[in-house]
Amino acid sequence: MDPAALRAQFPVFESVAYLNAGTCGPLPAAALRAAADSGLRAAEQGRGKDYFDQMFDVRARLREVYAGVVGGRPEEIALTTATSDGMAQVLRGLGLGRGDEVLTADDEHPGLLGPLAAAGAQLGIDVRTVPLAEIAGAVTSRTRLVACSHVSWFTGALAPVELAEVGRDVPVLLDGAQGAGAIPVAVRELGCAFYCAGGQKWLCGPVGTGLLWVHPDWRERLAVATPTYLNLSSPGAGLDATPWPDARALDAPALSNEALEAAAAAHDVLAEAGWSAVQERAVGLAETFAARLRSMGRTVTPRGDSTLVSWEQEGAEAAATRLAAAGIVVRNLPGSDRLRASVGAWNDESDLERLLRAL
């Protein structure tokens, strides 16, 4: 991989030290061109049969490339609007009820906590929290679902490998927002039943794209809560219409061609650089940055082999604002005095040095 060539694909780096892919990845110019071309075709040619043929084609292609990113098969991938969209689909479709326990980690993202809180209020489920490192050993006979991050958004720590054993008896739902694209993902080796991710983070696509992987053993056990036109195998059958037998039954109902084309183009930029090289470089740069912080006497939050680095920073919210004004984009972590840098293969040592000097 040529790091400089990859970096040149992203216009933001012409002026900004951008270290915030954990929120939204940098957009490559190719994604913007793909979205513009798609919109222009629709404007000039109208949105008739050709438009819908293109929509089905790009949906099929994005399903295929997303499957490659997480180690699944295209028929196991539902196209969603966000990580939390997929997680909400799972929580709605599992048939959970009063007294059923869902086990989660105590530092989860609101994108998971929100659907869990809603399920608690609406379905009467019990949500129990434990530290992520202890979650595999906290499963009980009452646990109907384990729902947690593959990579913690707060610390960069990885879910314990013991979850693969848990998944043989209790379904595991992994929030892969900080996993897919950032580090190697092989869903079957993880032992999960469901894996959700957003297209806008480490896949560098537009907001409003994402994926839900469903293990084939769980597809028919997961009810389709709100099937719409594109979720039905034969829409013309009226009230007798049934959902697709594969993950298409869980697709989000309205994903624009422009967003889908942009997401596919963004994927291709990274795939052409080589996923293994992209992920290895990102993880290595993140560890280099963490080591530099420690050498400066900063307290780095314990982390795993990931692309996220968080550290203690007095007045973190004000510090993030000050850094942004200086053209350095990181984020503060709410409810704590911590900053977080998201380090990607598109970053280089100059970004790290710029941030370190500013600190």
# chains A, B, ... in the order shown; residues from 1 in each chain; ligands from 1
>>> select_by_dssp(residues="region 120-311 of chain A", states="strand (DSSP E)", output="ChimeraX atom specification")
/A:126-130,143-149,172-175,194-198,210-214,308-311
>>> residues_around(residues="Ala318 (chain A)", least_positions_apart="6", cutoff="12 Å", atoms="only C-alpha atoms", output="VMD selection string")
chain A and resid 324 to 325 330 to 334 337 to 339
>>> write_last_selection(atoms="C-alpha atoms", output="mmCIF file, in the first residue's frame")
data_model
loop_
_atom_site.group_PDB
_atom_site.id
_atom_site.type_symbol
_atom_site.label_atom_id
_atom_site.label_comp_id
_atom_site.auth_asym_id
_atom_site.auth_seq_id
_atom_site.Cartn_x
_atom_site.Cartn_y
_atom_site.Cartn_z
ATOM 1 C CA ALA A 324 -10.987 22.034 15.971
ATOM 2 C CA ALA A 325 -10.364 25.776 15.640
ATOM 3 C CA VAL A 330 -10.797 14.711 17.572
ATOM 4 C CA ARG A 331 -13.748 14.295 19.905
ATOM 5 C CA ASN A 332 -14.440 14.503 23.614
ATOM 6 C CA LEU A 333 -16.197 11.589 25.273
ATOM 7 C CA PRO A 334 -19.383 12.719 27.020
ATOM 8 C CA ASP A 337 -12.758 14.328 30.901
ATOM 9 C CA ARG A 338 -11.357 12.321 28.011
ATOM 10 C CA LEU A 339 -10.472 13.015 24.410
#
>>> closest_residue(among="A:Ser336, A:Ser38, A:Thr104, A:Thr301", to="Leu145 (chain A)", atoms="only C-alpha atoms")
A:Thr104
>>> residues_around(residues="region 265-281 of chain A", least_positions_apart="6", cutoff="8 Å", atoms="only C-alpha atoms", output="list in words")
Met1, Asp2, Leu6, Gln9, Leu27, Pro28, Ala30, Ala31, Ala34, Val65, Gly181, Ala182, Ile183, Pro184, Leu203, Cys204, Gly205, Gly344 and Ala345 of chain A
>>> write_last_selection(atoms="N, CA and C atoms", output="PDB file, in the first residue's frame")
ATOM      1  N   MET A   1       0.842  -1.204   0.000  1.00  0.00           N
ATOM      2  CA  MET A   1       0.000   0.000   0.000  1.00  0.00           C
ATOM      3  C   MET A   1       0.873   1.248   0.000  1.00  0.00           C
ATOM      4  N   ASP A   2       0.472   2.246  -0.758  1.00  0.00           N
ATOM      5  CA  ASP A   2       1.151   3.541  -0.793  1.00  0.00           C
ATOM      6  C   ASP A   2       0.368   4.492   0.116  1.00  0.00           C
ATOM      7  N   LEU A   6      -3.046   6.837  -0.782  1.00  0.00           N
ATOM      8  CA  LEU A   6      -4.341   6.683  -0.127  1.00  0.00           C
ATOM      9  C   LEU A   6      -4.786   8.011   0.483  1.00  0.00           C
ATOM     10  N   GLN A   9      -6.516  10.608  -1.612  1.00  0.00           N
ATOM     11  CA  GLN A   9      -7.902  10.381  -2.042  1.00  0.00           C
ATOM     12  C   GLN A   9      -8.906  11.190  -1.223  1.00  0.00           C
ATOM     13  N   LEU A  27     -14.396  11.534   3.918  1.00  0.00           N
ATOM     14  CA  LEU A  27     -15.045  11.174   2.649  1.00  0.00           C
ATOM     15  C   LEU A  27     -14.042  11.251   1.502  1.00  0.00           C
ATOM     16  N   PRO A  28     -13.869  10.179   0.761  1.00  0.00           N
ATOM     17  CA  PRO A  28     -12.990  10.261  -0.401  1.00  0.00           C
ATOM     18  C   PRO A  28     -13.668  11.002  -1.551  1.00  0.00           C
ATOM     19  N   ALA A  30     -13.796  10.215  -4.531  1.00  0.00           N
ATOM     20  CA  ALA A  30     -14.510   9.273  -5.405  1.00  0.00           C
ATOM     21  C   ALA A  30     -15.950   9.069  -4.962  1.00  0.00           C
ATOM     22  N   ALA A  31     -16.203   9.104  -3.661  1.00  0.00           N
ATOM     23  CA  ALA A  31     -17.572   8.950  -3.158  1.00  0.00           C
ATOM     24  C   ALA A  31     -18.422  10.143  -3.563  1.00  0.00           C
ATOM     25  N   ALA A  34     -19.259   9.810  -7.239  1.00  0.00           N
ATOM     26  CA  ALA A  34     -20.260   8.769  -7.483  1.00  0.00           C
ATOM     27  C   ALA A  34     -21.655   9.262  -7.133  1.00  0.00           C
ATOM     28  N   VAL A  65     -19.951  -6.277  -1.230  1.00  0.00           N
ATOM     29  CA  VAL A  65     -18.700  -5.753  -0.674  1.00  0.00           C
ATOM     30  C   VAL A  65     -18.773  -5.645   0.852  1.00  0.00           C
ATOM     31  N   GLY A 181     -14.216  -2.458   9.006  1.00  0.00           N
ATOM     32  CA  GLY A 181     -13.350  -1.562   8.262  1.00  0.00           C
ATOM     33  C   GLY A 181     -12.113  -1.153   9.036  1.00  0.00           C
ATOM     34  N   ALA A 182     -12.210  -1.093  10.365  1.00  0.00           N
ATOM     35  CA  ALA A 182     -11.097  -0.640  11.193  1.00  0.00           C
ATOM     36  C   ALA A 182     -10.110  -1.762  11.479  1.00  0.00           C
ATOM     37  N   ILE A 183     -10.638  -2.943  11.805  1.00  0.00           N
ATOM     38  CA  ILE A 183      -9.813  -4.102  12.125  1.00  0.00           C
ATOM     39  C   ILE A 183     -10.383  -5.303  11.374  1.00  0.00           C
ATOM     40  N   PRO A 184      -9.628  -6.382  11.233  1.00  0.00           N
ATOM     41  CA  PRO A 184     -10.172  -7.568  10.560  1.00  0.00           C
ATOM     42  C   PRO A 184     -11.392  -8.104  11.316  1.00  0.00           C
ATOM     43  N   LEU A 203     -15.718   2.751   7.056  1.00  0.00           N
ATOM     44  CA  LEU A 203     -15.919   2.441   5.642  1.00  0.00           C
ATOM     45  C   LEU A 203     -15.984   3.705   4.800  1.00  0.00           C
ATOM     46  N   CYS A 204     -15.938   4.868   5.465  1.00  0.00           N
ATOM     47  CA  CYS A 204     -15.778   6.176   4.808  1.00  0.00           C
ATOM     48  C   CYS A 204     -16.912   6.533   3.842  1.00  0.00           C
ATOM     49  N   GLY A 205     -18.091   5.950   4.043  1.00  0.00           N
ATOM     50  CA  GLY A 205     -19.239   6.269   3.209  1.00  0.00           C
ATOM     51  C   GLY A 205     -20.061   7.400   3.794  1.00  0.00           C
ATOM     52  N   GLY A 344      -6.598   6.382  11.403  1.00  0.00           N
ATOM     53  CA  GLY A 344      -6.804   5.556  10.223  1.00  0.00           C
ATOM     54  C   GLY A 344      -5.559   5.467   9.367  1.00  0.00           C
ATOM     55  N   ALA A 345      -5.605   4.566   8.385  1.00  0.00           N
ATOM     56  CA  ALA A 345      -4.474   4.408   7.470  1.00  0.00           C
ATOM     57  C   ALA A 345      -4.234   5.666   6.650  1.00  0.00           C
TER      58      ALA A 345
END
>>> closest_residue(among="A:Glu261, A:Arg340, A:Arg298, A:Val224", to="Asp57 (chain A)", atoms="only C-alpha atoms")
A:Glu261
>>> select_by_dssp(residues="region 123-191 of chain A", states="alpha helix (DSSP H)", output="list in words")
Leu123, Leu163, Ala164, Glu165, Val166, Val187, Arg188, Glu189 and Leu190 of chain A
>>> residues_around(residues="Arg168 (chain A)", least_positions_apart="5", cutoff="10 Å", atoms="only C-alpha atoms", output="PyMOL selection string")
chain A and resi 163+191-193
>>> closest_residue(among="A:Gly120, A:Val166, A:Val102, A:Asp37", to="Thr143 (chain A)", atoms="only C-alpha atoms")
A:Val102
>>> residues_around(residues="Ala254 (chain A)", least_positions_apart="2", cutoff="9 Å", atoms="only C-alpha atoms", output="list of chain:residue names")
A:Thr81, A:Leu230, A:Asp251, A:Ala252, A:Ser256
>>> write_last_selection(atoms="N, CA and C atoms", output="JSON list (two decimals), in the first residue's frame")
[["chain", "number", "residue", "atom", "x", "y", "z"],
["A", 81, "THR", "N", -29.51, 1.90, 7.66],
["A", 81, "THR", "CA", -29.17, 3.32, 7.65],
["A", 81, "THR", "C", -28.11, 3.68, 8.68],
["A", 230, "LEU", "N", -39.61, -3.16, -0.67],
["A", 230, "LEU", "CA", -38.38, -3.83, -1.07],
["A", 230, "LEU", "C", -38.04, -5.04, -0.20],
["A", 251, "ASP", "N", -33.77, -5.14, 5.01],
["A", 251, "ASP", "CA", -33.23, -3.91, 4.44],
["A", 251, "ASP", "C", -34.02, -2.68, 4.90],
["A", 252, "ALA", "N", -33.30, -1.56, 5.08],
["A", 252, "ALA", "CA", -33.99, -0.29, 5.32],
["A", 252, "ALA", "C", -34.82, 0.05, 4.09],
["A", 256, "SER", "N", -31.17, 5.99, -0.71],
["A", 256, "SER", "CA", -31.07, 6.66, -2.00],
["A", 256, "SER", "C", -29.96, 6.05, -2.85]]
>>> decode(residues="region 196-223 of chain A", atoms="N, CA and C atoms", output="short mmCIF file (atom, residue, chain, number, x, y, z; two decimals), in the first residue's frame")
data_model
loop_
_atom_site.label_atom_id
_atom_site.label_comp_id
_atom_site.auth_asym_id
_atom_site.auth_seq_id
_atom_site.Cartn_x
_atom_site.Cartn_y
_atom_site.Cartn_z
N CYS A 196 -23.64 -5.59 13.52
CA CYS A 196 -24.15 -4.34 12.95
C CYS A 196 -23.01 -3.34 12.80
N ALA A 197 -23.04 -2.55 11.74
CA ALA A 197 -22.04 -1.50 11.55
C ALA A 197 -22.63 -0.39 10.71
N GLY A 198 -22.00 0.79 10.79
CA GLY A 198 -22.39 1.92 9.98
C GLY A 198 -21.44 2.11 8.82
N GLY A 199 -21.96 2.58 7.71
CA GLY A 199 -21.11 2.80 6.54
C GLY A 199 -20.33 4.09 6.59
N GLN A 200 -20.68 4.97 7.54
CA GLN A 200 -20.09 6.31 7.55
C GLN A 200 -18.83 6.42 8.38
N LYS A 201 -18.46 5.37 9.11
CA LYS A 201 -17.29 5.46 9.99
C LYS A 201 -16.05 4.94 9.27
N TRP A 202 -15.62 3.75 9.58
CA TRP A 202 -14.37 3.22 9.04
C TRP A 202 -14.50 2.72 7.61
N LEU A 203 -15.72 2.75 7.06
CA LEU A 203 -15.92 2.44 5.64
C LEU A 203 -15.98 3.71 4.80
N CYS A 204 -15.94 4.87 5.46
CA CYS A 204 -15.78 6.18 4.81
C CYS A 204 -16.91 6.53 3.84
N GLY A 205 -18.09 5.95 4.04
CA GLY A 205 -19.24 6.27 3.21
C GLY A 205 -20.06 7.40 3.79
N PRO A 206 -21.20 7.69 3.18
CA PRO A 206 -22.05 8.77 3.67
C PRO A 206 -22.87 8.36 4.89
N VAL A 207 -23.27 9.34 5.66
CA VAL A 207 -24.22 9.10 6.75
C VAL A 207 -25.51 8.55 6.13
N GLY A 208 -26.12 7.59 6.81
CA GLY A 208 -27.35 7.00 6.29
C GLY A 208 -27.12 5.67 5.59
N THR A 209 -25.94 5.06 5.80
CA THR A 209 -25.64 3.74 5.23
C THR A 209 -25.13 2.84 6.34
N GLY A 210 -25.31 1.54 6.16
CA GLY A 210 -24.85 0.60 7.18
C GLY A 210 -25.21 -0.82 6.82
N LEU A 211 -24.89 -1.74 7.72
CA LEU A 211 -25.14 -3.15 7.46
C LEU A 211 -25.56 -3.87 8.73
N LEU A 212 -26.32 -4.91 8.53
CA LEU A 212 -26.68 -5.88 9.56
C LEU A 212 -26.39 -7.26 9.00
N TRP A 213 -25.45 -7.99 9.63
CA TRP A 213 -25.19 -9.38 9.26
C TRP A 213 -26.00 -10.27 10.18
N VAL A 214 -26.70 -11.24 9.58
CA VAL A 214 -27.51 -12.19 10.34
C VAL A 214 -27.03 -13.60 10.03
N HIS A 215 -26.66 -14.33 11.07
CA HIS A 215 -26.27 -15.72 10.88
C HIS A 215 -27.47 -16.49 10.31
N PRO A 216 -27.23 -17.36 9.31
CA PRO A 216 -28.36 -18.09 8.69
C PRO A 216 -29.22 -18.85 9.69
N ASP A 217 -28.63 -19.33 10.78
CA ASP A 217 -29.41 -20.07 11.77
C ASP A 217 -30.43 -19.19 12.48
N TRP A 218 -30.21 -17.87 12.41
CA TRP A 218 -31.10 -16.94 13.12
C TRP A 218 -32.02 -16.17 12.20
N ARG A 219 -31.83 -16.29 10.89
CA ARG A 219 -32.66 -15.48 9.99
C ARG A 219 -34.15 -15.76 10.17
N GLU A 220 -34.56 -17.00 10.16
CA GLU A 220 -35.99 -17.30 10.26
C GLU A 220 -36.53 -17.10 11.67
N ARG A 221 -35.63 -17.05 12.64
CA ARG A 221 -36.08 -16.81 14.02
C ARG A 221 -36.18 -15.32 14.33
N LEU A 222 -35.75 -14.49 13.40
CA LEU A 222 -35.79 -13.04 13.59
C LEU A 222 -36.98 -12.49 12.78
N ALA A 223 -38.01 -12.06 13.49
CA ALA A 223 -39.20 -11.55 12.81
C ALA A 223 -38.89 -10.24 12.10
#
